[in-house]
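So this one's data04.txt, compact mmCIF, C-alpha atoms and all ligand atoms:
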```txt
# COMPACT_ATOMS: atom_id res chain seq x y z
CA MET S 171 5.77 14.53 -48.63
CA LYS S 172 3.12 14.44 -45.94
CA THR S 173 0.79 17.32 -45.73
CA PRO S 174 0.91 19.09 -42.36
CA ASP S 175 -2.71 18.06 -41.82
CA ASN S 176 -1.85 14.39 -42.25
CA SER S 177 1.12 14.51 -39.95
CA ILE S 178 -0.98 16.15 -37.24
CA LYS S 179 -3.58 13.40 -37.63
CA GLU S 180 -0.84 10.81 -37.48
CA PHE S 181 0.61 12.49 -34.43
CA TYR S 182 -2.71 12.37 -32.58
CA ALA S 183 -3.31 8.79 -33.70
CA ASN S 184 0.10 7.87 -32.29
CA VAL S 185 -0.67 9.62 -29.03
CA ILE S 186 -3.96 7.80 -28.56
CA ASN S 187 -2.49 4.46 -29.65
CA SER S 188 0.33 4.79 -27.15
CA VAL S 189 -1.98 5.21 -24.18
CA GLY S 190 -2.07 2.05 -22.06
CA ASP S 191 -5.71 2.56 -21.13
CA GLY S 192 -8.48 1.82 -23.58
CA VAL S 193 -9.81 4.96 -25.30
CA ILE S 194 -13.04 5.11 -27.31
CA VAL S 195 -14.35 8.36 -28.81
CA LEU S 196 -18.01 8.78 -29.74
CA ASP S 197 -19.71 11.55 -31.69
CA MET S 198 -22.99 13.12 -30.57
CA LYS S 199 -24.96 10.37 -32.32
CA HIS S 200 -23.04 7.78 -30.29
CA ARG S 201 -21.11 6.57 -33.31
CA ILE S 202 -17.64 5.26 -32.58
CA THR S 203 -15.20 7.58 -34.33
CA LEU S 204 -11.96 6.39 -32.75
CA MET S 205 -10.73 3.47 -30.73
CA ASN S 206 -7.20 2.52 -29.71
CA PRO S 207 -5.58 -0.95 -29.55
CA ALA S 208 -5.84 -1.05 -25.75
CA ALA S 209 -9.64 -0.62 -26.04
CA GLU S 210 -9.68 -3.40 -28.62
CA GLU S 211 -7.82 -5.66 -26.19
CA ILE S 212 -10.09 -4.88 -23.23
CA THR S 213 -13.42 -5.08 -25.04
CA GLY S 214 -12.58 -7.82 -27.51
CA VAL S 215 -14.24 -5.73 -30.28
CA SER S 216 -12.00 -5.09 -33.28
CA ILE S 217 -11.20 -1.51 -34.26
CA SER S 218 -12.15 -2.05 -37.89
CA GLN S 219 -15.59 -3.40 -36.89
CA ALA S 220 -16.19 -0.76 -34.28
CA GLU S 221 -15.21 2.45 -36.03
CA GLY S 222 -18.20 3.98 -37.76
CA SER S 223 -20.72 1.78 -35.92
CA VAL S 224 -23.16 2.90 -33.27
CA PHE S 225 -21.90 2.30 -29.73
CA SER S 226 -24.99 0.35 -28.66
CA MET S 227 -24.39 -2.21 -31.38
CA PHE S 228 -21.46 -3.62 -29.42
CA PHE S 229 -22.09 -2.38 -25.93
CA GLY S 230 -25.89 -2.02 -25.72
CA LYS S 231 -26.13 -4.93 -23.29
CA GLU S 232 -23.61 -3.43 -20.88
CA GLU S 233 -26.25 -1.40 -19.09
CA PRO S 234 -24.12 0.56 -16.59
CA LEU S 235 -21.79 1.57 -19.42
CA ALA S 236 -24.60 2.58 -21.78
CA GLU S 237 -26.13 4.66 -19.00
CA MET S 238 -22.85 6.50 -18.34
CA VAL S 239 -22.47 7.32 -22.03
CA SER S 240 -26.00 8.63 -22.33
CA LYS S 241 -25.64 10.82 -19.21
CA THR S 242 -22.33 12.30 -20.30
CA SER S 243 -23.53 12.99 -23.82
CA SER S 244 -26.80 14.58 -22.70
CA ASN S 245 -25.58 16.80 -19.85
CA GLY S 246 -21.81 17.04 -20.32
CA MET S 247 -20.97 15.43 -16.97
CA THR S 248 -17.81 13.45 -16.35
CA ILE S 249 -18.61 10.13 -14.69
CA SER S 250 -16.28 7.52 -13.19
CA ASP S 251 -17.19 4.01 -12.14
CA HIS S 252 -14.86 1.34 -10.87
CA GLU S 253 -17.41 -1.08 -9.49
CA ASN S 254 -20.26 -1.86 -11.79
CA VAL S 255 -18.90 -2.30 -15.27
CA VAL S 256 -18.00 -5.80 -16.38
CA LEU S 257 -17.32 -6.52 -20.03
CA LYS S 258 -18.08 -9.88 -21.55
CA LYS S 259 -15.58 -11.38 -23.98
CA GLY S 260 -17.07 -14.73 -24.92
CA SER S 261 -17.41 -16.45 -21.58
CA HIS S 262 -14.71 -14.34 -19.97
CA LEU S 263 -15.70 -11.41 -17.75
CA THR S 264 -13.40 -8.44 -17.37
CA PRO S 265 -14.06 -5.90 -14.60
CA VAL S 266 -13.20 -2.43 -15.85
CA ASN S 267 -12.78 1.00 -14.44
CA VAL S 268 -14.54 3.45 -16.80
CA THR S 269 -14.53 7.22 -17.07
CA THR S 270 -16.78 8.99 -19.56
CA SER S 271 -16.00 12.65 -20.29
CA PRO S 272 -17.53 15.12 -22.70
CA LEU S 273 -15.40 15.95 -25.77
CA ILE S 274 -15.48 19.73 -25.91
CA LEU S 275 -14.14 22.17 -28.52
CA ALA S 276 -12.31 25.36 -27.56
CA ASP S 277 -15.53 27.36 -27.94
CA GLY S 278 -17.32 25.14 -25.45
CA GLU S 279 -19.38 23.15 -27.92
CA GLN S 280 -19.71 19.48 -26.99
CA ILE S 281 -19.04 17.27 -30.01
CA GLY S 282 -18.91 13.88 -28.41
CA THR S 283 -17.92 11.62 -25.53
CA VAL S 284 -14.56 10.10 -24.60
CA LEU S 285 -14.48 6.78 -22.77
CA VAL S 286 -11.38 5.69 -20.92
CA LEU S 287 -11.33 2.01 -19.90
CA ARG S 288 -8.90 0.27 -17.60
CA ASP S 289 -8.79 -3.49 -17.05
CA ILE S 290 -8.82 -4.05 -13.28
CA SER S 291 -8.86 -7.87 -13.21
CA ASN S 292 -5.51 -7.99 -11.45
CA ILE S 293 -6.69 -5.60 -8.75
CA ARG S 294 -9.87 -7.63 -8.27
CA GLU S 295 -7.85 -10.84 -7.99
CA LEU S 296 -5.63 -9.31 -5.33
CA GLU S 297 -8.69 -8.03 -3.43
CA ASP S 298 -10.21 -11.51 -3.54
CA ALA S 299 -6.95 -13.06 -2.37
CA VAL S 300 -6.82 -10.70 0.60
CA ARG S 301 -10.44 -11.39 1.49
CA HIS S 302 -9.87 -15.13 1.35
CA ALA S 303 -6.72 -14.97 3.40
CA ASP S 304 -8.59 -12.98 6.02
CA ARG S 305 -11.44 -15.45 6.27
CA LEU S 306 -9.05 -18.39 6.30
CA SER S 307 -6.96 -17.05 9.13
CA THR S 308 -9.99 -16.54 11.40
CA LEU S 309 -11.39 -19.95 10.56
CA GLY S 310 -7.95 -21.50 10.74
CA THR S 311 -7.37 -20.31 14.28
CA LEU S 312 -10.76 -21.59 15.36
CA ALA S 313 -10.26 -24.91 13.65
CA ALA S 314 -6.79 -25.37 15.08
CA GLY S 315 -8.10 -24.87 18.61
CA LEU S 316 -10.88 -27.34 17.98
CA ALA S 317 -8.57 -29.91 16.40
CA HIS S 318 -6.26 -29.69 19.35
CA GLU S 319 -9.11 -30.28 21.79
CA ILE S 320 -10.37 -33.28 19.84
CA LYS S 321 -7.00 -35.00 19.55
CA ASN S 322 -6.66 -36.09 23.17
CA PRO S 323 -10.11 -37.61 23.79
CA LEU S 324 -9.77 -39.26 20.40
CA GLY S 325 -6.60 -40.96 21.60
CA GLY S 326 -8.55 -42.24 24.60
CA ILE S 327 -11.36 -43.63 22.46
CA LYS S 328 -8.87 -45.34 20.15
CA GLY S 329 -6.99 -46.95 23.07
CA ALA S 330 -10.18 -48.21 24.68
CA ALA S 331 -11.52 -49.59 21.41
CA GLN S 332 -8.26 -51.40 20.74
CA LEU S 333 -8.48 -53.03 24.20
CA LEU S 334 -12.06 -54.07 23.55
CA GLU S 335 -11.16 -55.51 20.19
CA ARG S 336 -8.44 -57.59 21.75
CA GLU S 337 -10.76 -58.87 24.52
CA LEU S 338 -13.72 -59.79 22.35
CA PRO S 339 -13.76 -63.08 20.46
CA VAL S 340 -13.19 -62.53 16.73
CA GLU S 341 -16.45 -64.21 15.75
CA SER S 342 -18.60 -61.99 17.99
CA GLU S 343 -20.73 -59.25 16.51
CA LEU S 344 -19.33 -56.83 19.08
CA HIS S 345 -15.90 -57.37 17.57
CA ASP S 346 -17.23 -55.97 14.29
CA TYR S 347 -18.57 -52.92 16.09
CA THR S 348 -15.19 -52.17 17.61
CA SER S 349 -13.61 -52.43 14.16
CA ILE S 350 -16.08 -49.81 12.97
CA ILE S 351 -15.21 -47.57 15.92
CA LEU S 352 -11.51 -47.90 15.10
CA LYS S 353 -12.03 -47.19 11.41
CA GLU S 354 -14.10 -44.09 12.11
CA VAL S 355 -11.65 -42.89 14.76
CA GLY S 356 -8.96 -43.20 12.09
CA ARG S 357 -11.03 -41.02 9.78
CA VAL S 358 -11.59 -38.31 12.38
CA ASN S 359 -7.91 -38.46 13.24
CA LYS S 360 -6.95 -37.87 9.61
CA ILE S 361 -9.23 -34.82 9.45
CA VAL S 362 -7.77 -33.46 12.67
CA GLU S 363 -4.22 -33.96 11.39
CA GLU S 364 -5.07 -32.16 8.15
CA LEU S 365 -6.68 -29.32 10.06
CA LEU S 366 -3.65 -28.93 12.24
CA SER S 367 -1.45 -28.91 9.16
CA ILE S 368 -3.43 -25.96 7.77
CA SER S 369 -3.28 -23.90 10.88
CA THR S 370 0.06 -24.48 12.53
CA PRO S 371 3.11 -22.66 11.26
CA ARG S 372 5.88 -24.96 10.15
CA LYS S 373 9.35 -24.73 8.74
CA LEU S 374 9.63 -25.31 5.04
CA GLU S 375 12.31 -27.70 3.81
CA MET S 376 13.45 -25.64 0.86
CA GLY S 377 15.39 -27.15 -2.00
CA HIS S 378 15.64 -27.17 -5.78
CA VAL S 379 12.44 -28.67 -7.07
CA ASN S 380 11.85 -29.86 -10.60
CA LEU S 381 8.14 -29.16 -11.09
CA ASN S 382 7.82 -31.14 -14.31
CA GLN S 383 9.22 -34.19 -12.57
CA ILE S 384 6.85 -33.88 -9.58
CA LEU S 385 3.86 -33.45 -11.88
CA GLY S 386 4.94 -36.34 -14.09
CA GLU S 387 5.18 -38.64 -11.07
CA ILE S 388 1.76 -37.65 -9.77
CA VAL S 389 0.21 -38.27 -13.19
CA MET S 390 1.80 -41.71 -13.34
CA LEU S 391 0.39 -42.50 -9.91
CA GLN S 392 -3.08 -41.22 -10.79
CA LYS S 393 -3.18 -43.20 -14.03
CA ASN S 394 -3.06 -46.33 -11.91
CA VAL S 395 -5.67 -45.30 -9.34
CA SER S 396 -8.19 -43.87 -11.77
CA ARG S 397 -8.65 -47.08 -13.73
CA THR S 398 -12.37 -47.14 -12.96
CA LYS S 399 -12.89 -43.90 -14.87
CA SER S 400 -11.76 -43.13 -18.38
CA VAL S 401 -9.39 -40.23 -17.86
CA THR S 402 -6.80 -39.02 -20.35
CA PHE S 403 -3.89 -37.00 -19.03
CA GLN S 404 -2.19 -34.48 -21.29
CA GLN S 405 1.11 -32.97 -20.25
CA ASN S 406 2.26 -29.71 -21.82
CA PHE S 407 5.49 -29.10 -20.00
CA ASP S 408 7.87 -26.28 -20.71
CA LEU S 409 11.11 -28.19 -20.33
CA SER S 410 13.12 -25.00 -19.98
CA ILE S 411 11.63 -23.85 -16.68
CA PRO S 412 14.33 -23.50 -14.04
CA PRO S 413 13.99 -25.44 -10.77
CA ALA S 414 11.78 -23.76 -8.18
CA ILE S 415 13.15 -23.08 -4.72
CA ALA S 416 10.45 -24.81 -2.72
CA ASP S 417 9.47 -27.56 -0.33
CA GLY S 418 9.16 -30.57 -2.62
CA ALA S 419 6.99 -32.65 -0.29
CA LEU S 420 4.51 -29.80 0.12
CA LEU S 421 4.36 -29.09 -3.60
CA THR S 422 3.67 -32.76 -4.20
CA GLN S 423 0.79 -32.57 -1.73
CA LEU S 424 -0.47 -29.38 -3.42
CA PHE S 425 -0.55 -30.79 -6.94
CA LEU S 426 -1.78 -34.18 -5.78
CA ASN S 427 -4.78 -32.47 -4.16
CA LEU S 428 -5.54 -30.47 -7.30
CA ILE S 429 -5.16 -33.43 -9.64
CA THR S 430 -7.24 -35.68 -7.36
CA ASN S 431 -10.01 -33.08 -7.42
CA ALA S 432 -9.81 -32.93 -11.21
CA VAL S 433 -10.08 -36.72 -11.46
CA GLU S 434 -13.07 -36.64 -9.10
CA ALA S 435 -14.73 -33.88 -11.14
CA VAL S 436 -14.67 -35.56 -14.54
CA VAL S 437 -17.62 -37.69 -15.51
CA SER S 438 -17.01 -39.57 -18.76
CA ASP S 439 -14.29 -39.07 -21.36
CA GLY S 440 -12.32 -37.16 -18.79
CA LEU S 441 -9.51 -34.97 -20.05
CA ILE S 442 -7.04 -33.44 -17.63
CA ARG S 443 -4.47 -31.12 -19.11
CA ILE S 444 -1.45 -30.08 -17.06
CA THR S 445 0.63 -27.20 -18.32
CA THR S 446 3.79 -25.62 -16.98
CA ARG S 447 4.99 -22.25 -18.27
CA VAL S 448 7.02 -19.25 -17.27
CA VAL S 449 5.15 -15.98 -16.78
CA SER S 450 7.34 -12.92 -16.88
CA ASP S 451 4.95 -10.00 -16.87
CA TYR S 452 2.68 -10.81 -14.00
CA GLY S 453 1.86 -7.33 -12.70
CA MET S 454 1.97 -8.02 -9.01
CA SER S 455 4.94 -5.91 -8.10
CA LYS S 456 4.59 -2.34 -6.95
CA LYS S 457 5.64 0.56 -9.14
CA GLY S 458 9.37 0.82 -9.67
CA GLU S 459 10.09 -2.73 -8.57
CA ARG S 460 11.40 -5.22 -11.06
CA LEU S 461 8.65 -7.48 -12.31
CA SER S 462 9.18 -10.91 -10.89
CA ARG S 463 9.28 -14.02 -13.01
CA MET S 464 6.90 -16.71 -11.98
CA VAL S 465 6.19 -20.23 -13.03
CA ALA S 466 2.58 -21.11 -13.70
CA VAL S 467 1.08 -24.58 -13.45
CA ASP S 468 -2.39 -25.00 -14.95
CA ILE S 469 -4.51 -28.00 -14.11
CA ALA S 470 -7.50 -28.01 -16.42
CA ASP S 471 -10.28 -30.57 -16.44
CA ASN S 472 -13.42 -31.00 -18.51
CA GLY S 473 -15.46 -32.10 -15.49
CA THR S 474 -18.57 -30.81 -13.78
CA GLY S 475 -17.29 -27.28 -13.24
CA MET S 476 -18.60 -24.99 -10.50
CA THR S 477 -21.12 -22.25 -9.97
CA GLY S 478 -19.93 -18.79 -8.95
CA GLU S 479 -21.16 -19.40 -5.43
CA GLN S 480 -19.15 -22.61 -5.14
CA MET S 481 -16.04 -20.86 -6.40
CA GLU S 482 -16.40 -18.28 -3.62
CA ASN S 483 -16.19 -20.99 -0.98
CA ILE S 484 -13.85 -23.69 -2.19
CA PHE S 485 -10.83 -22.53 -0.16
CA THR S 486 -12.81 -22.43 3.08
CA PRO S 487 -12.06 -25.40 5.36
CA PHE S 488 -14.86 -28.01 5.33
CA PHE S 489 -16.54 -26.68 2.21
CA THR S 490 -17.33 -29.76 0.15
CA THR S 491 -19.95 -30.91 -2.32
CA LYS S 492 -18.88 -34.55 -2.09
CA SER S 493 -20.61 -37.06 0.18
CA LYS S 494 -17.27 -38.44 1.34
CA GLY S 495 -15.25 -35.22 1.02
CA THR S 496 -13.49 -33.49 3.89
CA GLY S 497 -13.41 -30.06 2.25
CA LEU S 498 -9.85 -29.60 3.45
CA GLY S 499 -7.90 -30.31 0.26
CA LEU S 500 -8.08 -26.83 -1.22
CA ALA S 501 -7.66 -25.10 2.15
CA ILE S 502 -4.37 -27.00 2.45
CA CYS S 503 -3.45 -26.04 -1.14
CA HIS S 504 -4.10 -22.40 -0.32
CA LYS S 505 -1.86 -22.58 2.73
CA ILE S 506 0.98 -24.27 0.81
CA VAL S 507 0.80 -21.72 -1.99
CA SER S 508 0.89 -18.75 0.36
CA GLU S 509 3.78 -20.29 2.31
CA HIS S 510 5.65 -20.21 -1.00
CA ARG S 511 4.58 -16.61 -1.68
CA GLY S 512 2.62 -17.69 -4.68
CA MET S 513 -0.95 -17.38 -5.86
CA ILE S 514 -3.70 -19.84 -6.67
CA LYS S 515 -6.50 -18.93 -9.05
CA VAL S 516 -9.52 -20.74 -10.33
CA ASP S 517 -11.56 -20.37 -13.46
CA SER S 518 -14.58 -22.57 -13.89
CA GLU S 519 -17.81 -22.90 -15.77
CA SER S 520 -20.64 -25.07 -14.61
CA GLY S 521 -20.95 -28.11 -16.87
CA ARG S 522 -17.81 -27.35 -18.84
CA GLY S 523 -14.82 -27.72 -16.57
CA THR S 524 -12.36 -26.09 -14.24
CA THR S 525 -8.85 -24.72 -14.45
CA PHE S 526 -6.73 -24.17 -11.38
CA THR S 527 -3.62 -22.06 -11.89
CA VAL S 528 -0.81 -22.02 -9.37
CA LEU S 529 1.77 -19.24 -9.66
CA LEU S 530 5.05 -19.68 -7.84
CA PRO S 531 7.86 -17.14 -7.79
CA LEU S 532 11.18 -18.05 -9.41
CA LEU S 533 14.33 -16.65 -7.91
CA GLN S 534 15.89 -14.01 -10.15
N1 LIG X 1 -11.63 -29.58 -10.36
C1 LIG X 1 -12.78 -29.33 -9.76
N2 LIG X 1 -13.94 -29.31 -10.45
C2 LIG X 1 -15.11 -29.04 -9.84
N3 LIG X 1 -15.25 -28.76 -8.53
C3 LIG X 1 -14.13 -28.75 -7.77
C4 LIG X 1 -12.85 -29.03 -8.33
N4 LIG X 1 -11.93 -28.93 -7.35
C5 LIG X 1 -12.62 -28.61 -6.22
N5 LIG X 1 -13.93 -28.52 -6.47
C6 LIG X 1 -14.98 -28.17 -5.49
O1 LIG X 1 -14.36 -27.68 -4.31
C7 LIG X 1 -14.78 -28.44 -3.19
C8 LIG X 1 -13.68 -28.48 -2.16
O2 LIG X 1 -12.56 -29.23 -2.60
P1 LIG X 1 -11.53 -29.82 -1.54
O3 LIG X 1 -11.13 -28.72 -0.63
O4 LIG X 1 -10.45 -30.54 -2.26
O5 LIG X 1 -12.42 -30.83 -0.69
P2 LIG X 1 -13.06 -32.22 -1.11
O6 LIG X 1 -12.33 -32.71 -2.35
O7 LIG X 1 -12.80 -33.09 0.08
O8 LIG X 1 -14.50 -31.96 -1.36
C9 LIG X 1 -15.17 -29.79 -3.77
O9 LIG X 1 -16.09 -30.48 -2.94
C10 LIG X 1 -15.80 -29.38 -5.10
O10 LIG X 1 -17.12 -28.91 -4.91
MG MG X 2 -10.23 -32.69 -2.60
```
Show this structure as structure tokens.
Ligand SMILES: Nc1ncnc2c1ncn2[C@@H]1O[C@H](COP(=O)(O)OP(=O)(O)O)[C@@H](O)[C@H]1O
Ligand SMILES: [Mg+2]
Amino acid sequence: MKTPDNSIKEFYANVINSVGDGVIVLDMKHRITLMNPAAEEITGVSISQAEGSVFSMFFGKEEPLAEMVSKTSSNGMTISDHENVVLKKGSHLTPVNVTTSPLILADGEQIGTVLVLRDISNIRELEDAVRHADRLSTLGTLAAGLAHEIKNPLGGIKGAAQLLERELPVESELHDYTSIILKEVGRVNKIVEELLSISTPRKLEMGHVNLNQILGEIVMLQKNVSRTKSVTFQQNFDLSIPPAIADGALLTQLFLNLITNAVEAVVSDGLIRITTRVVSDYGMSKKGERLSRMVAVDIADNGTGMTGEQMENIFTPFFTTKSKGTGLGLAICHKIVSEHRGMIKVDSESGRGTTFTVLLPLLQ
């Protein structure tokens, strides 16, 4: 038989363990007296390690958090912060919304501090996506106008250069110059075409697309072109993923761009891992709606990686760090993904590598 005292304890433990937000309770000496599994998940600190230890032992370096705790415990104020607290789990950063409240007995005596933590990575990702989309649409409109204006004079230059080339004797030096003009005109033309493809609306040719097949074909193709570099491709395909309803040609372009970038990013002993998987709990839907199933494609490389500043800009047209890059590849990828109502995410560490993840919705 349980004693009543035990069952009350168990009851409260169940209550706190059932809360979806992370809860950590501290006594007045800032010792952790209680922590629930959600807090364990968010902070990456295990309950058994944490309970009984001083708070600063695990969270001393998280300055905004430590400051909130010390304020609440010294003057009994409740403090909320959804902007400044970022927890570090290894190399992974999790933005969290934190509230610290005083733990008060019925007689008014304060016996500790309660922290409530909520992982807001998904919200941050959505905010970033909206910000990017905003910037892209302004730039896209500008670029489209420009591209359009350039196309006609470019046609004129090309026509004139072709005439010149025909008129000049093949052995003349001027003939070589016209070849250069034609080659460079071709390059500008390609950029203009790509720009127009980002910014003009088009009709998607939807069909049943086997993602594993598309990815397999691209890998086969890349294996042949990247002979000059030692690159190993690893394919982790979930063979049970249903076909996506998508525009196959556009998805090929999307993954080809991402895989080409990965090949270009690796230095020596390149490893590019391509994974396909089904994600069923991606929390993008609004309350009450059925959670949609999505398919995720990860393209991970062990190449140069990127700095945070680079990551901010990679989807912007013309952003490139390559001497011969156009900086349009990822802008096109972004457009294709949003046309399919999907999401593209990037995770990268300078010197270690980069993972692009494309999420595409599956029809229910
Ligand atoms: N896998 C990757 N690893 C490291 N950096 C990358 C990767 N993919 C893209 N980038 C960065 O993003 C920039 C923009 O890429 P993209 O739009 O494809 O244009 P481009 O390849 O012509 O430079 C690249 O110049 C590079 O700095
Ligand atoms: Mg590229």
At a cut-off of 10 Å around ligand MG 2 (chain X), and using only C-alpha atoms and all ligand atoms, what residues come up? Please write them as a PDB file with C-alpha atoms, keeping the file's coordinate frame.
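pocket.pdb, freshly written:
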```
ATOM      1  CA  LEU S 426      -1.780 -34.180  -5.780  1.00  0.00           C
ATOM      2  CA  ASN S 427      -4.780 -32.470  -4.160  1.00  0.00           C
ATOM      3  CA  LEU S 428      -5.540 -30.470  -7.300  1.00  0.00           C
ATOM      4  CA  ILE S 429      -5.160 -33.430  -9.640  1.00  0.00           C
ATOM      5  CA  THR S 430      -7.240 -35.680  -7.360  1.00  0.00           C
ATOM      6  CA  ASN S 431     -10.010 -33.080  -7.420  1.00  0.00           C
ATOM      7  CA  ALA S 432      -9.810 -32.930 -11.210  1.00  0.00           C
ATOM      8  CA  VAL S 433     -10.080 -36.720 -11.460  1.00  0.00           C
ATOM      9  CA  GLU S 434     -13.070 -36.640  -9.100  1.00  0.00           C
ATOM     10  CA  ALA S 435     -14.730 -33.880 -11.140  1.00  0.00           C
ATOM     11  CA  ILE S 484     -13.850 -23.690  -2.190  1.00  0.00           C
ATOM     12  CA  PHE S 489     -16.540 -26.680   2.210  1.00  0.00           C
ATOM     13  CA  THR S 490     -17.330 -29.760   0.150  1.00  0.00           C
ATOM     14  CA  THR S 491     -19.950 -30.910  -2.320  1.00  0.00           C
ATOM     15  CA  LYS S 492     -18.880 -34.550  -2.090  1.00  0.00           C
ATOM     16  CA  LYS S 494     -17.270 -38.440   1.340  1.00  0.00           C
ATOM     17  CA  GLY S 495     -15.250 -35.220   1.020  1.00  0.00           C
ATOM     18  CA  THR S 496     -13.490 -33.490   3.890  1.00  0.00           C
ATOM     19  CA  GLY S 497     -13.410 -30.060   2.250  1.00  0.00           C
ATOM     20  CA  LEU S 498      -9.850 -29.600   3.450  1.00  0.00           C
ATOM     21  CA  GLY S 499      -7.900 -30.310   0.260  1.00  0.00           C
ATOM     22  CA  LEU S 500      -8.080 -26.830  -1.220  1.00  0.00           C
ATOM     23  CA  ALA S 501      -7.660 -25.100   2.150  1.00  0.00           C
ATOM     24  CA  ILE S 502      -4.370 -27.000   2.450  1.00  0.00           C
ATOM     25  CA  CYS S 503      -3.450 -26.040  -1.140  1.00  0.00           C
TER      26      CYS S 503
END
```
Shortest interatomic distance to Ile212 (chain S) - which of S:Arg336, S:Arg305, S:His200, S:His262, counting all atoms listed in the file |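 Looking at the shortest contact to Ile212 (chain S), the residue is S:His262.
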Might you pull out every residue within 10 Å of Ser410 (chain S), with all atoms listed in the file counted and same-chain residues fewer than 3 positions away left off, and present them as a list in words?
->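 My reading of the contact set: Asn382, Phe407, Pro413, Thr446, Arg447 and Val448 of chain S.
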Nearest candidate to ligand LIG 1 (chain X) (options S:Gln405, S:Ser261, S:Thr311, S:Thr474; using only C-alpha atoms and all ligand atoms) |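 Smallest distance to ligand LIG 1 (chain X) is found for S:Thr474.
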Among the residues S:Asn380, S:Ala314, S:His504, S:Ile249, the one that comes closest to Leu532 (chain S) [using all atoms listed in the file] =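 Result for the nearest residue to Leu532 (chain S): S:Asn380.
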Point (7.3, -30.1, -7.0) neighbourhood (8 Å, only C-alpha atoms) written as a list in words =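 The distance filter leaves exactly Val379, Asn380, Leu381, Asn382, Gln383, Ile384, Leu385, Ala414, Ala416, Asp417, Gly418, Ala419, Leu420, Leu421, Thr422 and Phe425 of chain S.
If you look at CA of Glu335 (chain S) and CA of Leu352 (chain S), they are 9.2 Å away from each other.
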Go through S:Leu333, S:Val401, S:Val516, S:Val362 and flag the residue nearest Asp439 (chain S), using all atoms listed in the file for the distances.
->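 Checking each of S:Leu333, S:Val401, S:Val516, S:Val362 against Asp439 (chain S), counting all atoms listed in the file, the winner is S:Val401.
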To one decimal place, how far is CA of Gly386 (chain S) from CA of Thr445 (chain S) in Å?
->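 Taking CA of Gly386 (chain S) and CA of Thr445 (chain S), their separation equals 11.0 Å.
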Find the residue from S:Leu441, S:Thr402, S:Val465, S:Val449 that sits nearest to ligand LIG 1 (chain X); use only C-alpha atoms and all ligand atoms when measuring.
->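 Once distances to ligand LIG 1 (chain X) are computed over only C-alpha atoms and all ligand atoms, the minimum belongs to S:Leu441.
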Compare S:Leu235, S:Ile411, S:Met476, S:Leu312 by their minimum atom-to-atom distance to ligand LIG 1 (chain X), counting all atoms listed in the file, and give me the closest one.
->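 Using all atoms listed in the file, ligand LIG 1 (chain X) sits closest to S:Met476.
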All residues 12 Å or closer to Asn206 (chain S), only C-alpha atoms, same chain fewer than 3 positions away omitted, as an MDAnalysis selection string | chainID S and resid 182:195 202:203 209:218 220:221 284:287
Quick one, how far is CA of Val340 (chain S) from CA of Arg357 (chain S)?
-> 22.7 Å
Quick one: region 281-292 of chain S with N, CA and C atoms, as a PDB file, keeping the file's coordinate frame?
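Here's the written file selection-v3.pdb:
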```pdb
ATOM      1  N   ILE S 281     -18.883  17.988 -28.728  1.00  0.00           N
ATOM      2  CA  ILE S 281     -19.040  17.270 -30.010  1.00  0.00           C
ATOM      3  C   ILE S 281     -18.990  15.752 -29.829  1.00  0.00           C
ATOM      4  N   GLY S 282     -18.917  15.328 -28.591  1.00  0.00           N
ATOM      5  CA  GLY S 282     -18.910  13.880 -28.410  1.00  0.00           C
ATOM      6  C   GLY S 282     -18.581  13.457 -26.994  1.00  0.00           C
ATOM      7  N   THR S 283     -18.231  12.186 -26.848  1.00  0.00           N
ATOM      8  CA  THR S 283     -17.920  11.620 -25.530  1.00  0.00           C
ATOM      9  C   THR S 283     -16.643  10.789 -25.639  1.00  0.00           C
ATOM     10  N   VAL S 284     -15.781  10.922 -24.631  1.00  0.00           N
ATOM     11  CA  VAL S 284     -14.560  10.100 -24.600  1.00  0.00           C
ATOM     12  C   VAL S 284     -14.689   9.087 -23.474  1.00  0.00           C
ATOM     13  N   LEU S 285     -14.465   7.818 -23.809  1.00  0.00           N
ATOM     14  CA  LEU S 285     -14.480   6.780 -22.770  1.00  0.00           C
ATOM     15  C   LEU S 285     -13.055   6.324 -22.523  1.00  0.00           C
ATOM     16  N   VAL S 286     -12.678   6.258 -21.258  1.00  0.00           N
ATOM     17  CA  VAL S 286     -11.380   5.690 -20.920  1.00  0.00           C
ATOM     18  C   VAL S 286     -11.636   4.428 -20.093  1.00  0.00           C
ATOM     19  N   LEU S 287     -11.077   3.302 -20.546  1.00  0.00           N
ATOM     20  CA  LEU S 287     -11.330   2.010 -19.900  1.00  0.00           C
ATOM     21  C   LEU S 287     -10.027   1.426 -19.360  1.00  0.00           C
ATOM     22  N   ARG S 288     -10.085   0.926 -18.144  1.00  0.00           N
ATOM     23  CA  ARG S 288      -8.900   0.270 -17.600  1.00  0.00           C
ATOM     24  C   ARG S 288      -9.280  -1.112 -17.052  1.00  0.00           C
ATOM     25  N   ASP S 289      -8.550  -2.117 -17.508  1.00  0.00           N
ATOM     26  CA  ASP S 289      -8.790  -3.490 -17.050  1.00  0.00           C
ATOM     27  C   ASP S 289      -8.312  -3.610 -15.598  1.00  0.00           C
ATOM     28  N   ILE S 290      -9.236  -3.947 -14.681  1.00  0.00           N
ATOM     29  CA  ILE S 290      -8.820  -4.050 -13.280  1.00  0.00           C
ATOM     30  C   ILE S 290      -8.920  -5.487 -12.756  1.00  0.00           C
ATOM     31  N   SER S 291      -8.786  -6.468 -13.667  1.00  0.00           N
ATOM     32  CA  SER S 291      -8.860  -7.870 -13.210  1.00  0.00           C
ATOM     33  C   SER S 291      -7.811  -8.178 -12.157  1.00  0.00           C
ATOM     34  N   ASN S 292      -6.580  -7.679 -12.408  1.00  0.00           N
ATOM     35  CA  ASN S 292      -5.510  -7.990 -11.450  1.00  0.00           C
ATOM     36  C   ASN S 292      -5.806  -7.442 -10.067  1.00  0.00           C
TER      37      ASN S 292
END
```
